[in-house]
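Just upload_34.tsv here, TSV, C-alpha atoms:
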chain	number	residue	atom	x	y	z
V	283	MET	CA	63.41	70.82	85.66
V	284	PHE	CA	66.47	68.62	85.93
V	285	PRO	CA	68.78	66.95	83.46
V	286	GLU	CA	67.36	63.90	81.71
V	287	SER	CA	70.41	61.84	82.61
V	288	LEU	CA	69.37	61.97	86.27
V	289	ARG	CA	65.93	60.57	85.53
V	290	ARG	CA	67.47	57.15	84.87
V	291	TYR	CA	68.88	56.92	88.37
V	292	VAL	CA	65.61	58.10	89.88
V	293	LEU	CA	63.66	55.67	87.68
V	294	TRP	CA	65.86	52.80	88.80
V	295	LEU	CA	65.56	53.65	92.50
V	296	VAL	CA	61.81	54.27	92.39
V	297	GLY	CA	61.30	51.01	90.51
V	298	LEU	CA	63.36	49.10	93.04
V	299	VAL	CA	61.25	50.52	95.86
V	300	ASN	CA	57.89	50.07	94.12
V	301	GLU	CA	57.35	49.47	90.40
V	302	ARG	CA	53.76	50.71	90.64
V	303	ARG	CA	55.03	54.16	91.65
V	304	ILE	CA	56.86	54.73	88.36
V	305	LYS	CA	53.82	56.12	86.50
V	306	GLU	CA	52.51	57.98	89.58
V	307	PHE	CA	55.71	59.66	90.74
V	308	LYS	CA	56.27	63.15	89.31
V	309	ARG	CA	59.92	62.50	88.43
V	310	THR	CA	59.35	59.19	86.60
V	311	GLY	CA	55.89	59.58	85.06
V	312	ALA	CA	57.32	59.65	81.52
V	313	PHE	CA	58.70	56.11	82.00
V	314	THR	CA	57.04	52.71	82.17
V	315	VAL	CA	57.64	49.60	84.24
V	316	GLU	CA	59.16	48.09	81.09
V	317	ASP	CA	61.64	50.99	80.94
V	318	PHE	CA	62.63	50.28	84.54
V	319	ARG	CA	63.13	46.60	83.77
V	320	LEU	CA	65.20	47.45	80.70
V	321	LEU	CA	67.35	49.82	82.75
V	322	SER	CA	67.79	47.17	85.44
V	323	PHE	CA	68.85	44.70	82.78
V	324	LEU	CA	71.43	47.15	81.41
V	325	ILE	CA	72.82	47.85	84.87
V	326	ASP	CA	73.14	44.12	85.51
V	327	TRP	CA	74.67	43.54	82.08
V	328	PHE	CA	77.29	46.29	82.41
V	329	GLY	CA	77.97	45.11	85.94
V	330	LYS	CA	78.62	48.39	87.70
V	331	ILE	CA	77.41	51.92	88.26
V	332	VAL	CA	79.72	54.89	88.17
V	333	ALA	CA	78.63	58.30	89.45
V	334	THR	CA	79.90	61.68	90.53
V	335	PRO	CA	79.03	63.47	93.78
V	336	HIS	CA	77.08	65.99	91.69
V	337	VAL	CA	74.87	63.30	90.19
V	338	LEU	CA	74.39	61.56	93.52
V	339	SER	CA	73.45	64.80	95.25
V	340	GLN	CA	70.80	65.62	92.68
V	341	VAL	CA	69.41	62.09	92.63
V	342	SER	CA	69.17	62.09	96.42
V	343	ASP	CA	67.16	65.31	96.30
V	344	LEU	CA	64.95	64.19	93.40
V	345	ALA	CA	64.13	60.72	94.71
V	346	ASP	CA	61.74	62.16	97.28
V	347	LEU	CA	58.97	59.57	97.34
V	348	PRO	CA	56.24	60.44	99.82
V	349	GLY	CA	55.49	58.69	103.09
V	350	LYS	CA	57.10	55.46	104.22
V	351	GLU	CA	58.62	54.90	100.80
V	352	LEU	CA	60.98	57.83	101.38
V	353	ARG	CA	62.65	55.85	104.17
V	354	GLN	CA	62.94	52.83	101.89
V	355	MET	CA	64.36	55.05	99.15
V	356	ARG	CA	66.99	56.52	101.47
V	357	GLN	CA	68.04	53.06	102.68
V	358	LEU	CA	68.27	51.82	99.11
V	359	PHE	CA	70.19	54.91	98.03
V	360	LYS	CA	72.63	54.41	100.91
V	361	SER	CA	73.17	50.80	99.85
V	362	VAL	CA	73.75	51.79	96.22
V	363	VAL	CA	76.21	54.54	97.16
V	364	GLU	CA	78.18	52.10	99.30
V	365	GLN	CA	78.62	49.81	96.28
V	366	ILE	CA	79.20	52.12	93.32
V	367	GLU	CA	82.38	53.60	91.98
V	368	GLU	CA	82.45	57.36	92.53
V	369	PHE	CA	84.63	59.81	90.62
V	370	TYR	CA	85.34	63.27	91.91
V	371	GLU	CA	86.86	66.38	90.41
V	372	THR	CA	86.89	69.83	91.99
V	373	SER	CA	84.33	72.33	90.80
V	374	ARG	CA	87.20	74.63	89.81
V	375	VAL	CA	88.36	72.02	87.29
V	376	LEU	CA	84.81	71.30	86.12
V	377	VAL	CA	83.91	74.92	85.35
V	378	ALA	CA	87.04	75.10	83.17
V	379	ASP	CA	85.81	72.12	81.12
V	380	PRO	CA	84.11	73.07	77.81
V	381	ALA	CA	81.04	71.03	78.81
V	382	PHE	CA	80.28	73.40	81.66
V	383	GLU	CA	79.29	76.35	79.45
V	384	GLY	CA	76.68	74.42	77.51
V	385	HIS	CA	75.54	71.86	80.04
V	386	GLY	CA	76.30	72.93	83.61
V	387	LEU	CA	78.30	71.53	86.49
V	388	THR	CA	76.77	68.05	86.77
V	389	ASP	CA	77.19	67.30	83.07
V	390	ALA	CA	80.72	68.70	83.12
V	391	ALA	CA	81.45	66.20	85.90
V	392	ILE	CA	79.97	63.43	83.74
V	393	ALA	CA	82.13	64.55	80.81
V	394	THR	CA	85.21	64.38	83.02
V	395	VAL	CA	84.38	60.80	83.98
V	396	CYS	CA	84.06	59.92	80.29
V	397	SER	CA	87.64	60.95	79.72
V	398	GLN	CA	88.55	57.90	81.81
V	399	GLY	CA	86.96	55.54	79.27
V	400	ILE	CA	83.61	55.05	80.97
V	401	LEU	CA	80.41	54.62	78.97
V	402	VAL	CA	77.63	57.06	79.82
V	403	LEU	CA	74.01	56.02	79.59
V	404	THR	CA	71.85	59.13	79.33
V	405	ALA	CA	68.41	60.17	78.14
V	406	ASP	CA	69.72	63.67	77.35
V	407	VAL	CA	70.42	63.82	73.62
V	408	ASN	CA	72.36	67.09	73.94
V	409	LEU	CA	74.69	65.57	76.52
V	410	GLN	CA	75.05	62.41	74.46
V	411	LEU	CA	76.03	64.36	71.34
V	412	ALA	CA	78.42	66.62	73.25
V	413	LEU	CA	80.15	63.60	74.73
V	414	GLN	CA	80.38	61.85	71.38
V	415	ARG	CA	81.89	64.97	69.80
V	416	ARG	CA	84.61	64.68	72.46
V	417	GLY	CA	85.21	61.08	71.43
V	418	ALA	CA	83.55	59.69	74.56
V	419	ASP	CA	81.28	56.67	74.63
V	420	ALA	CA	77.69	57.73	75.27
V	421	LEU	CA	74.53	55.73	74.76
V	422	ASN	CA	71.09	57.30	74.68
V	423	PHE	CA	68.59	55.37	76.81
V	424	ASN	CA	65.73	56.53	74.57
V	425	HIS	CA	67.36	54.80	71.61
V	426	VAL	CA	67.72	51.61	73.63
V	427	ARG	CA	64.05	51.91	74.63
V	428	GLN	CA	63.04	52.19	70.97
V	429	LEU	CA	65.06	49.09	70.12
V	430	ALA	CA	63.45	47.20	72.99
V	431	TRP	CA	59.99	48.26	71.80
V	432	THR	CA	60.67	47.00	68.27
V	433	GLN	CA	61.84	43.65	69.63
V	434	THR	CA	58.55	42.92	71.41

If you took the structure in this file and wrote it as structure tokens, what would it be?
Amino acid sequence: MFPESLRRYVLWLVGLVNERRIKEFKRTGAFTVEDFRLLSFLIDWFGKIVATPHVLSQVSDLADLPGKELRQMRQLFKSVVEQIEEFYETSRVLVADPAFEGHGLTDAAIATVCSQGILVLTADVNLQLALQRRGADALNFNHVRQLAWTQT
């Protein structure tokens, strides 16, 4: 099991490699091609992706498509990493953050990034609520999905 917030990144990468794989791939089976397209739209609309090394490490490990698509995935991941904005804080600082106790190291890193005024898009309601309690901007992708479904 892995945090829901990472599924978005994996969904986006898998969809970029092959939309048909979204329903078949074990890490993205709960999503649809329409979810991928909505996520792509949001990424384009916001104009940039921000990540932490913790998020990137987990996404790299989880985006393990089989066969020749793994090579495509790694090339795409490399290209994305070269273009995104990456924020880093030492693990010593992150484990001292209140988010660490309830959510772990990766989410504590995300919470630290939020303190710099960056919106977080997550599918993890617990992370979203924790961030909002801190006064951070957090948007739940599942809520956006529901809005998109009602608009069609």

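Among the candidate residues V:His385, V:His336, V:Arg319, V:His425, the one lying nearest to Thr404 (chain V) is V:His425, with distances computed using only C-alpha atoms.
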
Requested in this report: For CA of Glu351 (chain V) and CA of Ala405 (chain V), quote the distance in Å rounded to one decimal.
Outcome: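 Between CA of Glu351 (chain V) and CA of Ala405 (chain V) the gap works out to 25.2 Å.
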
Query raised in the report: Between V:Arg290, V:Arg309, V:Arg416, V:Arg427, which has the minimum distance to Leu347 (chain V) (counting only C-alpha atoms)?
Result: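 Once distances to Leu347 (chain V) are computed over only C-alpha atoms, the minimum belongs to V:Arg309.
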
Query raised in the report: If you measure from CA of Val377 (chain V) to CA of Ala420 (chain V), what distance in Å do you get, rounded to one decimal?
Result: 20.9 Å

What lies within 9 Å of Glu301 (chain V) using all atoms listed in the file, ignoring chain neighbours under 6 positions off, as a PDB file with C-alpha atoms, keeping the file's coordinate frame?
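Result file follows (part_24.pdb):
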ATOM      1  CA  THR V 314      57.040  52.710  82.170  1.00  0.00           C
ATOM      2  CA  VAL V 315      57.640  49.600  84.240  1.00  0.00           C
ATOM      3  CA  PHE V 318      62.630  50.280  84.540  1.00  0.00           C
TER       4      PHE V 318
END

As lines of an AutoDock Vina configuration file, please report the centre and edge lengths, rounded to one decimal in Å, of the axis-aligned box that holds all listed atoms of region 290-298 of chain V with 3 Å of padding on each of the six sides.
center_x = 65.1
center_y = 53.6
center_z = 89.0
size_x = 13.6
size_y = 15.0
size_z = 14.2

Please identify every residue of region 292-352 of chain V that has at least one atom no farther than 6 Å from an atom of region 356-376 of chain V, counting all atoms listed in the file, and for each give the shortest atom pair and the distance in Å to one decimal, arranged by chain then increasing number, as a Markdown table.
| residue | atom | partner | partner_atom | distance |
| --- | --- | --- | --- | --- |
| V:Ile331 | CA | V:Ile366 | CA | 5.4 |
| V:Val332 | CA | V:Glu367 | CA | 4.8 |
| V:Ala333 | CA | V:Glu368 | CA | 5.0 |
| V:Thr334 | CA | V:Phe369 | CA | 5.1 |

Requested in this report: Figure out the distance between CA of Gly329 (chain V) and CA of Ala312 (chain V), please, to one decimal in Å.
Outcome: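 CA of Gly329 (chain V) lies at a distance of 25.6 Å from CA of Ala312 (chain V).
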
Skip Asn408 (chain V) itself and residues of its chain fewer than 2 positions away, then list as an mmCIF file with C-alpha atoms, in the frame of the given file all residues within 12 Å of it, counting all atoms listed in the file.
data_model
loop_
_atom_site.group_PDB
_atom_site.id
_atom_site.type_symbol
_atom_site.label_atom_id
_atom_site.label_comp_id
_atom_site.auth_asym_id
_atom_site.auth_seq_id
_atom_site.Cartn_x
_atom_site.Cartn_y
_atom_site.Cartn_z
ATOM 1 C CA PRO V 285 68.780 66.950 83.460
ATOM 2 C CA GLU V 286 67.360 63.900 81.710
ATOM 3 C CA SER V 287 70.410 61.840 82.610
ATOM 4 C CA ALA V 381 81.040 71.030 78.810
ATOM 5 C CA GLY V 384 76.680 74.420 77.510
ATOM 6 C CA HIS V 385 75.540 71.860 80.040
ATOM 7 C CA GLY V 386 76.300 72.930 83.610
ATOM 8 C CA ASP V 389 77.190 67.300 83.070
ATOM 9 C CA THR V 404 71.850 59.130 79.330
ATOM 10 C CA ALA V 405 68.410 60.170 78.140
ATOM 11 C CA ASP V 406 69.720 63.670 77.350
ATOM 12 C CA GLN V 410 75.050 62.410 74.460
ATOM 13 C CA LEU V 411 76.030 64.360 71.340
ATOM 14 C CA ALA V 412 78.420 66.620 73.250
ATOM 15 C CA LEU V 413 80.150 63.600 74.730
ATOM 16 C CA GLN V 414 80.380 61.850 71.380
ATOM 17 C CA ARG V 415 81.890 64.970 69.800
ATOM 18 C CA ALA V 420 77.690 57.730 75.270
ATOM 19 C CA LEU V 421 74.530 55.730 74.760
ATOM 20 C CA ASN V 422 71.090 57.300 74.680
#

Report task. Fewer than 3 positions away in the same chain doesn't count, so skip those; otherwise give me all residues within 12 Å of Phe328 (chain V), counting all atoms listed in the file, as a ChimeraX atom specification. Result -> /V:321-325,331-332,400-403

Requested in this report: Could you check which of V:Ser397, V:Gln354, V:Thr310, V:Ser339 is closest to Asp419 (chain V), using only C-alpha atoms?
Outcome: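 Counting only C-alpha atoms, the residue closest to Asp419 (chain V) is V:Ser397.
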
**Report entry** Of the listed residues V:Ala430, V:Val341, V:Arg303, V:Ala393, that which approaches Gly417 (chain V) most closely, counting only C-alpha atoms
**Finding:**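 Selected residue with least distance to Gly417 (chain V): V:Ala393.
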
Grab region 315-413 of chain V from that structure and dump C-alpha atoms to a file, as a compact mmCIF listing (two decimals), in the first residue's frame.
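Result file is selection_23.txt:
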# COMPACT_ATOMS: atom_id res chain seq x y z
CA VAL V 315 -8.80 7.42 -18.78
CA GLU V 316 -11.08 10.38 -18.03
CA ASP V 317 -9.35 10.80 -14.65
CA PHE V 318 -5.99 10.88 -16.42
CA ARG V 319 -7.24 13.50 -18.86
CA LEU V 320 -8.65 15.59 -16.01
CA LEU V 321 -5.34 15.36 -14.16
CA SER V 322 -3.45 16.34 -17.31
CA PHE V 323 -5.76 19.32 -17.72
CA LEU V 324 -5.12 20.42 -14.12
CA ILE V 325 -1.36 20.09 -14.54
CA ASP V 326 -1.51 22.17 -17.71
CA TRP V 327 -3.82 24.72 -16.07
CA PHE V 328 -1.64 25.18 -12.97
CA GLY V 329 1.40 25.30 -15.20
CA LYS V 330 3.95 23.49 -13.08
CA ILE V 331 4.65 20.47 -10.94
CA VAL V 332 6.36 20.68 -7.60
CA ALA V 333 7.69 17.60 -5.83
CA THR V 334 9.99 16.43 -3.08
CA PRO V 335 12.72 13.80 -3.40
CA HIS V 336 10.59 11.53 -1.21
CA VAL V 337 7.64 11.72 -3.59
CA LEU V 338 9.84 11.28 -6.64
CA SER V 339 11.58 8.26 -5.16
CA GLN V 340 8.32 6.51 -4.40
CA VAL V 341 6.80 7.35 -7.77
CA SER V 342 9.90 6.03 -9.53
CA ASP V 343 9.56 2.74 -7.66
CA LEU V 344 5.79 2.48 -8.16
CA ALA V 345 5.71 3.33 -11.86
CA ASP V 346 7.06 -0.09 -12.77
CA LEU V 347 5.19 -0.88 -15.97
CA PRO V 348 6.17 -4.24 -17.42
CA GLY V 349 8.19 -4.86 -20.57
CA LYS V 350 9.18 -2.18 -23.05
CA GLU V 351 6.89 0.34 -21.40
CA LEU V 352 9.18 0.43 -18.37
CA ARG V 353 11.90 1.97 -20.54
CA GLN V 354 9.42 4.53 -21.86
CA MET V 355 8.30 5.26 -18.31
CA ARG V 356 11.86 5.82 -17.11
CA GLN V 357 12.60 8.16 -20.03
CA LEU V 358 9.40 10.09 -19.37
CA PHE V 359 10.12 10.24 -15.64
CA LYS V 360 13.61 11.56 -16.36
CA SER V 361 12.16 14.27 -18.61
CA VAL V 362 9.59 15.28 -15.98
CA VAL V 363 12.19 15.43 -13.20
CA GLU V 364 14.40 17.65 -15.35
CA GLN V 365 11.53 20.15 -15.70
CA ILE V 366 9.83 20.24 -12.31
CA GLU V 367 10.57 22.33 -9.27
CA GLU V 368 11.93 20.18 -6.45
CA PHE V 369 11.91 21.13 -2.78
CA TYR V 370 14.13 19.42 -0.26
CA GLU V 371 14.30 19.38 3.49
CA THR V 372 16.43 17.05 5.61
CA SER V 373 14.77 14.04 7.15
CA ARG V 374 15.83 15.35 10.56
CA VAL V 375 13.66 18.42 10.02
CA LEU V 376 10.80 16.38 8.57
CA VAL V 377 10.54 13.95 11.47
CA ALA V 378 10.24 16.95 13.80
CA ASP V 379 7.24 18.23 11.82
CA PRO V 380 3.84 17.37 13.37
CA ALA V 381 2.74 15.77 10.08
CA PHE V 382 5.33 13.03 10.45
CA GLU V 383 3.64 11.31 13.42
CA GLY V 384 0.31 10.90 11.69
CA HIS V 385 1.32 10.63 8.06
CA GLY V 386 4.95 9.58 7.65
CA LEU V 387 8.03 11.04 6.04
CA THR V 388 6.74 11.64 2.50
CA ASP V 389 3.64 13.49 3.69
CA ALA V 390 5.70 15.49 6.18
CA ALA V 391 7.83 16.59 3.22
CA ILE V 392 4.67 17.57 1.35
CA ALA V 393 3.48 19.54 4.39
CA THR V 394 6.79 21.39 4.49
CA VAL V 395 6.39 22.40 0.85
CA CYS V 396 2.92 23.72 1.63
CA SER V 397 4.39 26.14 4.12
CA GLN V 398 5.91 27.89 1.09
CA GLY V 399 2.45 28.69 -0.32
CA ILE V 400 2.17 25.81 -2.78
CA LEU V 401 -1.17 24.14 -3.50
CA VAL V 402 -1.22 20.38 -2.99
CA LEU V 403 -3.40 18.17 -5.15
CA THR V 404 -3.95 14.86 -3.36
CA ALA V 405 -6.37 11.96 -3.35
CA ASP V 406 -5.63 11.32 0.34
CA VAL V 407 -8.41 12.91 2.38
CA ASN V 408 -6.46 12.56 5.64
CA LEU V 409 -3.50 14.44 4.19
CA GLN V 410 -5.79 17.06 2.68
CA LEU V 411 -7.52 17.70 6.01
CA ALA V 412 -4.24 17.78 7.94
CA LEU V 413 -2.83 20.33 5.52
